[in-house]
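Student: Please find model-v2.csv (CSV, C-alpha atoms) on the next line:
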```csv
chain,number,residue,atom,x,y,z
X,611,MET,CA,88.0,73.3,108.6
X,612,THR,CA,86.1,76.5,107.8
X,613,ASP,CA,87.3,78.9,105.2
X,614,THR,CA,88.3,81.5,107.8
X,615,VAL,CA,90.2,79.0,109.9
X,616,ALA,CA,91.9,77.6,106.9
X,617,GLU,CA,92.7,81.1,105.6
X,618,THR,CA,94.3,82.1,109.0
X,619,ALA,CA,96.4,79.0,108.9
X,620,TRP,CA,97.6,79.6,105.4
X,621,VAL,CA,98.4,83.2,106.1
X,622,ARG,CA,100.5,82.1,109.1
X,623,SER,CA,102.3,79.5,107.0
X,624,ALA,CA,102.8,82.0,104.1
X,625,GLN,CA,104.3,84.4,106.6
X,626,ALA,CA,106.7,81.7,107.7
X,627,GLY,CA,107.7,81.4,104.0
X,628,SER,CA,105.5,78.6,102.6
X,629,ALA,CA,104.9,79.1,98.9
X,630,ASP,CA,102.4,76.3,99.0
X,631,ALA,CA,100.2,78.0,101.6
X,632,PHE,CA,100.4,81.2,99.6
X,633,GLY,CA,99.3,79.3,96.5
X,634,ARG,CA,96.2,78.2,98.4
X,635,LEU,CA,95.4,81.8,99.3
X,636,VAL,CA,95.8,82.7,95.6
X,637,HIS,CA,93.4,79.9,94.7
X,638,MET,CA,90.9,81.0,97.4
X,639,HIS,CA,90.8,84.7,96.3
X,640,GLN,CA,91.6,84.7,92.6
X,641,GLN,CA,88.1,84.6,91.4
X,642,SER,CA,86.7,87.6,93.3
X,643,LEU,CA,89.9,89.6,93.0
X,644,ARG,CA,90.0,89.2,89.2
X,645,ALA,CA,86.3,89.9,88.9
X,646,PHE,CA,86.7,93.1,90.9
X,647,LEU,CA,89.5,94.3,88.7
X,648,ARG,CA,87.7,93.3,85.5
X,649,ARG,CA,84.6,95.3,86.6
X,650,LEU,CA,86.8,98.3,87.4
X,651,SER,CA,89.1,98.3,84.3
X,652,GLY,CA,86.7,96.8,81.7
X,653,ASN,CA,89.6,94.8,80.2
X,654,ALA,CA,90.1,91.2,81.1
X,655,ALA,CA,93.7,90.8,80.1
X,656,ASP,CA,94.8,94.0,81.9
X,657,ALA,CA,92.8,93.1,85.0
X,658,ASP,CA,94.3,89.6,85.2
X,659,ASP,CA,97.8,91.1,84.8
X,660,LEU,CA,97.1,93.5,87.6
X,661,ALA,CA,95.6,90.7,89.7
X,662,GLN,CA,98.9,88.8,89.3
X,663,ASP,CA,100.9,91.9,90.3
X,664,THR,CA,98.6,92.3,93.3
X,665,PHE,CA,99.3,88.7,94.5
X,666,VAL,CA,103.0,89.0,93.9
X,667,PHE,CA,103.1,92.2,96.0
X,668,ALA,CA,101.0,90.6,98.7
X,669,TRP,CA,103.5,87.6,98.8
X,670,GLU,CA,106.5,89.9,99.0
X,671,HIS,CA,104.9,92.0,101.8
X,672,ILE,CA,102.9,89.3,103.7
X,673,GLY,CA,105.2,89.8,106.7
X,674,ARG,CA,103.5,93.2,107.2
X,675,PHE,CA,100.0,91.8,107.4
X,676,GLU,CA,98.8,91.5,110.9
X,677,ALA,CA,97.7,87.9,111.4
X,678,GLY,CA,94.2,87.6,113.0
X,679,ARG,CA,92.8,90.4,110.8
X,680,SER,CA,90.8,89.6,107.7
X,681,PHE,CA,93.0,88.9,104.7
X,682,ARG,CA,90.5,89.9,102.0
X,683,PRO,CA,90.3,93.7,102.7
X,684,TRP,CA,94.1,93.9,102.9
X,685,LEU,CA,94.4,92.0,99.5
X,686,PHE,CA,91.7,94.1,97.8
X,687,GLY,CA,93.3,97.3,99.2
X,688,ILE,CA,96.6,96.4,97.4
X,689,ALA,CA,94.6,95.8,94.2
X,690,TRP,CA,92.7,99.0,94.5
X,691,ARG,CA,95.9,101.1,95.0
X,692,LYS,CA,97.6,99.3,92.1
X,693,GLN,CA,94.5,99.8,89.9
X,694,ARG,CA,94.5,103.6,90.6
X,695,GLU,CA,98.3,103.9,90.0
X,696,ARG,CA,97.9,102.1,86.7
X,697,LYS,CA,94.9,104.2,85.7
X,698,ARG,CA,96.9,107.4,86.4
X,699,SER,CA,99.7,106.2,84.2
X,700,TRP,CA,97.3,105.3,81.5
X,701,LEU,CA,95.7,108.7,81.7
X,702,ARG,CA,99.1,110.3,81.2
X,703,LEU,CA,99.7,108.1,78.2
X,704,LEU,CA,96.3,108.8,76.8
X,705,LYS,CA,96.8,112.6,77.2
X,706,ARG,CA,100.1,112.4,75.4
X,707,GLU,CA,98.8,110.4,72.5
X,708,SER,CA,95.4,112.3,72.5
X,709,ALA,CA,93.7,109.0,71.7
X,710,ALA,CA,90.3,108.0,72.8
X,711,ALA,CA,90.0,104.4,74.0
X,712,VAL,CA,86.9,102.2,73.8
X,713,PRO,CA,86.8,100.0,76.8
X,714,ASP,CA,86.6,96.2,76.1
X,715,THR,CA,84.3,94.7,78.7
X,716,GLY,CA,85.8,91.3,78.0
X,717,PHE,CA,82.8,89.3,78.7
X,718,THR,CA,79.2,88.7,77.7
X,719,PRO,CA,76.8,88.2,80.6
X,720,ASP,CA,73.1,87.3,80.3
X,721,PRO,CA,71.0,89.7,78.3
X,722,GLY,CA,68.2,91.8,79.8
X,723,LEU,CA,68.6,93.3,83.3
X,724,LYS,CA,72.1,91.9,83.9
X,725,LEU,CA,73.5,93.3,80.7
X,726,ASP,CA,71.9,96.7,81.4
X,727,LEU,CA,73.3,96.5,84.9
X,728,VAL,CA,76.9,96.0,83.6
X,729,LYS,CA,76.5,98.9,81.2
X,730,ALA,CA,74.9,101.1,83.9
X,731,ALA,CA,77.7,100.3,86.4
X,732,GLN,CA,80.3,101.4,83.9
X,733,THR,CA,78.8,104.9,84.0
X,734,LEU,CA,79.5,105.2,87.8
X,735,PRO,CA,82.6,107.1,89.0
X,736,LEU,CA,85.4,104.8,89.8
X,737,GLU,CA,85.2,105.1,93.7
X,738,GLN,CA,81.4,104.5,93.6
X,739,ARG,CA,81.7,101.6,91.2
X,740,ALA,CA,84.4,100.0,93.5
X,741,ALA,CA,82.2,100.4,96.6
X,742,VAL,CA,79.1,99.1,94.8
X,743,PHE,CA,80.9,96.1,93.4
X,744,LEU,CA,82.5,95.2,96.7
X,745,CYS,CA,79.4,95.6,98.8
X,746,LEU,CA,76.8,94.3,96.5
X,747,GLY,CA,78.8,91.9,94.3
X,748,ALA,CA,81.6,90.5,96.5
X,749,GLU,CA,79.5,90.6,99.7
X,750,PHE,CA,82.0,92.8,101.6
X,751,THR,CA,80.6,94.5,104.7
X,752,HIS,CA,80.8,98.3,104.6
X,753,ALA,CA,83.6,98.2,107.1
X,754,GLU,CA,85.6,95.8,105.0
X,755,ALA,CA,85.1,97.8,101.9
X,756,ALA,CA,86.1,101.0,103.8
X,757,GLU,CA,89.4,99.2,104.8
X,758,ALA,CA,90.1,98.0,101.3
X,759,LEU,CA,89.3,101.3,99.6
X,760,ALA,CA,91.0,103.3,102.4
X,761,MET,CA,87.9,105.5,102.8
X,762,PRO,CA,85.9,106.5,105.8
X,763,LEU,CA,83.0,104.2,106.6
X,764,GLY,CA,80.4,107.0,106.0
X,765,THR,CA,81.9,107.7,102.5
X,766,VAL,CA,81.6,104.0,101.5
X,767,LYS,CA,78.0,103.9,102.7
X,768,SER,CA,77.2,107.1,100.8
X,769,HIS,CA,79.0,105.7,97.6
X,770,VAL,CA,76.9,102.5,97.8
X,771,ALA,CA,73.6,104.4,98.4
X,772,ARG,CA,74.3,106.9,95.6
X,773,GLY,CA,75.6,104.2,93.3
X,774,ARG,CA,72.4,102.1,93.9
X,775,GLU,CA,70.3,105.2,93.2
X,776,LYS,CA,72.1,106.0,90.0
X,777,LEU,CA,71.8,102.4,88.8
X,778,SER,CA,68.1,102.5,89.5
X,779,VAL,CA,67.7,105.8,87.6
X,780,THR,CA,69.8,104.6,84.7
X,781,LEU,CA,67.9,101.3,84.5
X,782,GLY,CA,64.6,103.1,84.9
X,783,VAL,CA,63.5,101.1,87.9
X,784,PRO,CA,62.0,102.7,91.0
X,785,ASN,CA,64.4,102.7,94.0
X,786,GLY,CA,62.8,100.7,96.8
H,977,MET,CA,65.3,98.9,92.4
H,978,ASP,CA,65.4,97.5,95.9
H,979,GLU,CA,68.7,96.3,97.4
H,980,PRO,CA,68.0,92.6,97.4
H,981,VAL,CA,67.1,92.6,93.7
H,982,LEU,CA,70.1,94.7,92.8
H,983,LYS,CA,72.3,92.6,95.1
H,984,ASN,CA,71.2,89.3,93.5
H,985,ALA,CA,71.6,90.7,90.0
H,986,MET,CA,75.0,92.0,90.9
H,987,LYS,CA,76.1,88.7,92.5
H,988,ASP,CA,75.0,86.9,89.3
H,989,ILE,CA,77.2,89.1,87.0
H,990,TRP,CA,80.0,89.5,89.6
H,991,ALA,CA,82.3,86.7,88.6
H,992,VAL,CA,80.5,85.2,85.7
H,993,ASP,CA,83.6,85.4,83.4
H,994,VAL,CA,86.2,84.1,86.0
H,995,PRO,CA,86.5,80.4,86.8
H,996,ALA,CA,86.3,79.4,90.4
H,997,HIS,CA,89.3,77.0,90.0
H,998,ASP,CA,92.1,78.2,87.8
H,999,GLY,CA,95.3,76.3,88.4
H,1000,ARG,CA,97.1,78.1,85.5
H,1001,PHE,CA,96.5,81.4,87.1
H,1002,VAL,CA,97.8,80.2,90.5
H,1003,LEU,CA,100.9,78.8,88.7
H,1004,ALA,CA,101.4,82.1,86.8
H,1005,VAL,CA,101.4,84.1,90.0
H,1006,LEU,CA,103.9,81.8,91.7
H,1007,ALA,CA,106.1,81.8,88.6
H,1008,ARG,CA,106.0,85.6,88.5
H,1009,ALA,CA,106.9,85.8,92.1
H,1010,GLU,CA,109.8,83.4,91.6
H,1011,GLN,CA,111.1,85.4,88.6
H,1012,ARG,CA,111.1,88.6,90.6
H,1013,ARG,CA,112.9,86.9,93.5
H,1014,PHE,CA,115.5,85.5,91.1
H,1015,ARG,CA,116.0,88.9,89.5
H,1016,ARG,CA,116.3,90.6,92.8
H,1017,GLU,CA,118.9,88.0,94.1
H,1018,LEU,CA,120.8,88.2,90.8
H,1019,PHE,CA,121.1,92.0,91.1
H,1020,THR,CA,122.2,91.7,94.7
H,1021,ILE,CA,124.9,89.2,93.8
H,1022,ILE,CA,126.1,91.3,90.9
H,1023,GLY,CA,126.2,94.3,93.2
H,1024,LEU,CA,128.1,92.5,95.9
H,1025,ALA,CA,130.6,91.0,93.3
H,1026,THR,CA,131.2,94.4,91.9
H,1027,ALA,CA,131.8,95.9,95.3
H,1028,ALA,CA,134.2,93.0,96.1
H,1029,ILE,CA,136.1,93.5,92.9
H,1030,VAL,CA,136.5,97.2,93.5
H,1031,LEU,CA,137.6,96.6,97.2
H,1032,LEU,CA,140.1,94.0,96.1
H,1033,ALA,CA,141.5,96.3,93.4
H,1034,LEU,CA,142.0,99.0,96.1
H,1035,VAL,CA,143.6,96.9,98.7
H,1036,MET,CA,145.6,94.5,96.5
H,1037,PRO,CA,148.9,96.5,96.4
H,1038,ALA,CA,149.0,96.5,100.2
H,1039,VAL,CA,148.1,92.8,100.3
H,1040,GLU,CA,150.8,91.9,97.8
H,1041,ILE,CA,153.5,93.6,99.8
H,1042,THR,CA,152.4,92.0,103.1
H,1043,TRP,CA,152.0,88.6,101.3
H,1044,ALA,CA,155.5,88.7,100.0
H,1045,GLN,CA,156.9,89.4,103.4
H,1046,LEU,CA,155.2,86.5,105.2
H,1047,PRO,CA,156.9,83.0,105.4
H,1048,SER,CA,155.3,80.4,103.0
H,1049,LEU,CA,153.8,78.4,106.0
H,1050,SER,CA,151.7,81.5,107.0
H,1051,ASN,CA,150.6,81.9,103.4
H,1052,LEU,CA,149.3,78.3,103.4
H,1053,ALA,CA,147.5,78.9,106.7
H,1054,ILE,CA,145.8,82.0,105.3
H,1055,LEU,CA,144.8,80.1,102.2
H,1056,GLY,CA,143.3,77.3,104.3
H,1057,LEU,CA,141.4,79.7,106.4
H,1058,LEU,CA,139.9,81.4,103.4
H,1059,ALA,CA,138.9,78.1,101.9
H,1060,ALA,CA,137.3,77.0,105.2
H,1061,ILE,CA,135.3,80.3,105.3
H,1062,THR,CA,134.2,79.9,101.7
H,1063,PHE,CA,132.8,76.4,102.3
H,1064,ALA,CA,131.4,77.1,105.7
H,1065,LEU,CA,129.6,80.4,104.9
H,1066,PRO,CA,126.7,78.8,102.9
H,1067,GLN,CA,125.8,76.6,105.9
H,1068,PHE,CA,125.0,79.7,108.0
H,1069,LEU,CA,122.7,81.3,105.4
H,1070,PRO,CA,118.9,80.8,105.9
H,1071,ALA,CA,117.3,77.9,104.1
H,1072,ARG,CA,114.7,78.7,101.4
H,1073,ASP,CA,111.3,77.2,100.8
```
Here is a file; write its structure as structure tokens.
Tutor:
Amino acid sequence: MTDTVAETAWVRSAQAGSADAFGRLVHMHQQSLRAFLRRLSGNAADADDLAQDTFVFAWEHIGRFEAGRSFRPWLFGIAWRKQRERKRSWLRLLKRESAAAVPDTGFTPDPGLKLDLVKAAQTLPLEQRAAVFLCLGAEFTHAEAAEALAMPLGTVKSHVARGREKLSVTLGVPNG
Amino acid sequence: MDEPVLKNAMKDIWAVDVPAHDGRFVLAVLARAEQRRFRRELFTIIGLATAAIVLLALVMPAVEITWAQLPSLSNLAILGLLAAITFALPQFLPARD
């Protein structure tokens, strides 16, 4: 059974109330969803907490998901909305306390280009970073990323192109 | 930097710090979902119980008067009917996974 066929079957079972099938969906998507949220928030513990919230929300609202569509953009769409909500509440908190936070990247990738790439990506605006990570890192199509980020297709393409350009400039590599 | 090079580098760093198989994470998600369901059901039961208590307190004087006027056989029949409903009701509720 291919991943897509299995995923469709698990979604249907989860919609019928099977916690076991939903557990399989969590197992299937946890790595890329946690990675996405870690890259956006820069904090591993917060990102994992948000990933758990995302899965719980998806489980409680899986009845609303239209079977036959791709599950991944729907799931990442929930994560994206939750991440933005949380960021807004953090911003309010930060403003109140007037405290500057130093983001904890939470991991140590290989040195050289990859390390520079992580740092360079952190300088991108949030929407651009999300589009770049989804399309270049998680191998989403532009259409899937547009669905997940609730943005028009053209905006996603433009975010990816501009993000790639900025990364090339920041890293001092000619854009091909 | 051309797209394939950037894409490859991005794919390499994408999920380097997250394990592909993480049973503890899956269990934590399911446990959190179960806790939320339990809390929701608990609040529903508390709400329903409170509503029932208030309703009973309101109608009790009228019930007591009617009850006193009925013959004892009718009282027993009502008690039996209430007991039957209490035991039969859970059979009609949907089964959970």
Student: Can you tell me, as a PyMOL selection string, what residues are no more than 10 Å from Gln693 of chain X when counting all atoms listed in the file, ignoring any on the same chain fewer than 3 positions away?
Tutor: chain X and resi 647+650-651+656-657+660-661+664+687-690+696-698
Student: Between X:Glu775, X:Glu676, X:Asp613, X:Glu737, which residue has the minimum interatomic distance to chain H, considering only C-alpha atoms?
Tutor: X:Glu775
Student: Hey, could you make a per-residue contact list for chain H against chain X with 8 Å as the cut-off, showing the nearest pair of atoms and its distance in Å to one decimal, counting all atoms listed in the file, sorted by chain and number, as JSON lines?
Tutor:
```
{"residue": "H:Met977", "atom": "CA", "partner": "X:Asn785", "partner_atom": "CA", "distance": 4.2}
{"residue": "H:Asp978", "atom": "CA", "partner": "X:Gly786", "partner_atom": "CA", "distance": 4.2}
{"residue": "H:Glu979", "atom": "CA", "partner": "X:Gly786", "partner_atom": "CA", "distance": 7.4}
{"residue": "H:Leu982", "atom": "CA", "partner": "X:Leu746", "partner_atom": "CA", "distance": 7.7}
{"residue": "H:Lys983", "atom": "CA", "partner": "X:Leu746", "partner_atom": "CA", "distance": 5.0}
{"residue": "H:Ala985", "atom": "CA", "partner": "X:Lys724", "partner_atom": "CA", "distance": 6.2}
{"residue": "H:Met986", "atom": "CA", "partner": "X:Gly747", "partner_atom": "CA", "distance": 5.1}
{"residue": "H:Lys987", "atom": "CA", "partner": "X:Gly747", "partner_atom": "CA", "distance": 4.6}
{"residue": "H:Asp988", "atom": "CA", "partner": "X:Lys724", "partner_atom": "CA", "distance": 7.9}
{"residue": "H:Ile989", "atom": "CA", "partner": "X:Pro719", "partner_atom": "CA", "distance": 6.5}
{"residue": "H:Trp990", "atom": "CA", "partner": "X:Gly747", "partner_atom": "CA", "distance": 5.4}
{"residue": "H:Ala991", "atom": "CA", "partner": "X:Ala645", "partner_atom": "CA", "distance": 5.1}
{"residue": "H:Val992", "atom": "CA", "partner": "X:Pro719", "partner_atom": "CA", "distance": 7.0}
{"residue": "H:Asp993", "atom": "CA", "partner": "X:Phe717", "partner_atom": "CA", "distance": 6.2}
{"residue": "H:Val994", "atom": "CA", "partner": "X:Gln641", "partner_atom": "CA", "distance": 5.7}
{"residue": "H:Pro995", "atom": "CA", "partner": "X:Gln641", "partner_atom": "CA", "distance": 6.4}
{"residue": "H:Ala996", "atom": "CA", "partner": "X:Gln641", "partner_atom": "CA", "distance": 5.6}
{"residue": "H:His997", "atom": "CA", "partner": "X:His637", "partner_atom": "CA", "distance": 6.9}
{"residue": "H:Asp998", "atom": "CA", "partner": "X:His637", "partner_atom": "CA", "distance": 7.2}
{"residue": "H:Gly999", "atom": "CA", "partner": "X:His637", "partner_atom": "CA", "distance": 7.5}
{"residue": "H:Val1002", "atom": "CA", "partner": "X:Val636", "partner_atom": "CA", "distance": 6.0}
{"residue": "H:Leu1003", "atom": "CA", "partner": "X:Gly633", "partner_atom": "CA", "distance": 8.0}
{"residue": "H:Ala1004", "atom": "CA", "partner": "X:Gln662", "partner_atom": "CA", "distance": 7.6}
{"residue": "H:Val1005", "atom": "CA", "partner": "X:Gln662", "partner_atom": "CA", "distance": 5.4}
{"residue": "H:Leu1006", "atom": "CA", "partner": "X:Gly633", "partner_atom": "CA", "distance": 7.1}
{"residue": "H:Arg1008", "atom": "CA", "partner": "X:Val666", "partner_atom": "CA", "distance": 7.1}
{"residue": "H:Ala1009", "atom": "CA", "partner": "X:Val666", "partner_atom": "CA", "distance": 5.4}
{"residue": "H:Arg1072", "atom": "CA", "partner": "X:Gly627", "partner_atom": "CA", "distance": 7.9}
{"residue": "H:Asp1073", "atom": "CA", "partner": "X:Ser628", "partner_atom": "CA", "distance": 6.2}
```
Student: Please indicate the distance in Å from atom CA of Gly652 of chain X to atom CA of Leu734 of chain X, rounded to one decimal place.
Tutor: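 Distance between the two atoms: 12.6 Å.
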Student: Rounded to one decimal, what separation in Å do you get between atom CA of Ala1033 of chain H and atom CA of Leu1046 of chain H?
Tutor: 20.6 Å
Student: (85.8, 102.1, 97.4) in this file's frame - what residues fall within 10 Å of it? Use all atoms listed in the file and give the answer as a list in words.
Tutor: Phe686, Gly687, Trp690, Leu736, Glu737, Gln738, Arg739, Ala740, Ala741, Val742, Phe743, Leu744, Cys745, His752, Glu754, Ala755, Ala756, Glu757, Ala758, Leu759, Ala760, Met761, Pro762, Leu763, Thr765, Val766, Lys767, His769 and Val770 of chain X
Student: Report, in Å to a single decimal, how far apart atom CA of Pro683 of chain X and atom CA of Gln625 of chain X are.
Tutor: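 It comes out at 17.3 Å.
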Student: Quick one: segment 615-645 of chain X with N, CA and C atoms, as a short mmCIF file (atom, residue, chain, number, x, y, z; two decimals), in the frame of the given file?
Tutor:
```
data_model
loop_
_atom_site.label_atom_id
_atom_site.label_comp_id
_atom_site.auth_asym_id
_atom_site.auth_seq_id
_atom_site.Cartn_x
_atom_site.Cartn_y
_atom_site.Cartn_z
N VAL X 615 89.14 79.73 109.15
CA VAL X 615 90.20 79.00 109.90
C VAL X 615 91.32 78.63 108.99
N ALA X 616 90.93 78.05 107.84
CA ALA X 616 91.90 77.60 106.90
C ALA X 616 92.74 78.82 106.39
N GLU X 617 92.05 79.91 106.12
CA GLU X 617 92.70 81.10 105.60
C GLU X 617 93.76 81.61 106.64
N THR X 618 93.35 81.65 107.91
CA THR X 618 94.30 82.10 109.00
C THR X 618 95.51 81.22 109.01
N ALA X 619 95.28 79.91 108.90
CA ALA X 619 96.40 79.00 108.90
C ALA X 619 97.32 79.18 107.74
N TRP X 620 96.73 79.37 106.57
CA TRP X 620 97.60 79.60 105.40
C TRP X 620 98.32 80.88 105.43
N VAL X 621 97.68 81.92 105.98
CA VAL X 621 98.40 83.20 106.10
C VAL X 621 99.59 83.03 107.01
N ARG X 622 99.40 82.32 108.13
CA ARG X 622 100.50 82.10 109.10
C ARG X 622 101.65 81.33 108.39
N SER X 623 101.27 80.28 107.65
CA SER X 623 102.30 79.50 107.00
C SER X 623 103.00 80.31 105.91
N ALA X 624 102.22 81.12 105.17
CA ALA X 624 102.80 82.00 104.10
C ALA X 624 103.78 82.96 104.76
N GLN X 625 103.40 83.48 105.93
CA GLN X 625 104.30 84.40 106.60
C GLN X 625 105.58 83.75 107.06
N ALA X 626 105.47 82.43 107.29
CA ALA X 626 106.70 81.70 107.70
C ALA X 626 107.49 81.27 106.44
N GLY X 627 106.97 81.61 105.23
CA GLY X 627 107.70 81.40 104.00
C GLY X 627 107.22 80.25 103.13
N SER X 628 106.04 79.70 103.43
CA SER X 628 105.50 78.60 102.60
C SER X 628 104.84 79.08 101.34
N ALA X 629 105.45 78.77 100.21
CA ALA X 629 104.90 79.10 98.90
C ALA X 629 103.61 78.34 98.65
N ASP X 630 103.58 77.12 99.17
CA ASP X 630 102.40 76.30 99.00
C ASP X 630 101.17 76.88 99.64
N ALA X 631 101.36 77.38 100.87
CA ALA X 631 100.20 78.00 101.60
C ALA X 631 99.81 79.27 100.85
N PHE X 632 100.77 80.02 100.32
CA PHE X 632 100.40 81.20 99.60
C PHE X 632 99.62 80.86 98.32
N GLY X 633 100.03 79.77 97.67
CA GLY X 633 99.30 79.30 96.50
C GLY X 633 97.85 78.99 96.81
N ARG X 634 97.61 78.46 97.99
CA ARG X 634 96.20 78.20 98.40
C ARG X 634 95.44 79.46 98.61
N LEU X 635 96.12 80.47 99.14
CA LEU X 635 95.40 81.80 99.30
C LEU X 635 95.10 82.38 97.94
N VAL X 636 96.03 82.23 97.00
CA VAL X 636 95.80 82.70 95.60
C VAL X 636 94.56 82.01 95.06
N HIS X 637 94.55 80.68 95.22
CA HIS X 637 93.40 79.90 94.70
C HIS X 637 92.11 80.32 95.33
N MET X 638 92.16 80.63 96.62
CA MET X 638 90.90 81.00 97.40
C MET X 638 90.37 82.35 96.89
N HIS X 639 91.24 83.30 96.57
CA HIS X 639 90.80 84.70 96.30
C HIS X 639 90.84 85.10 94.85
N GLN X 640 91.40 84.24 93.98
CA GLN X 640 91.60 84.70 92.60
C GLN X 640 90.33 85.09 91.89
N GLN X 641 89.28 84.33 92.13
CA GLN X 641 88.10 84.60 91.40
C GLN X 641 87.48 85.99 91.70
N SER X 642 87.33 86.28 92.99
CA SER X 642 86.70 87.60 93.30
C SER X 642 87.64 88.74 93.05
N LEU X 643 88.95 88.54 93.23
CA LEU X 643 89.90 89.60 93.00
C LEU X 643 89.91 89.97 91.46
N ARG X 644 89.97 88.92 90.63
CA ARG X 644 90.00 89.20 89.20
C ARG X 644 88.68 89.77 88.72
N ALA X 645 87.57 89.31 89.30
CA ALA X 645 86.30 89.90 88.90
C ALA X 645 86.22 91.36 89.30
#
```
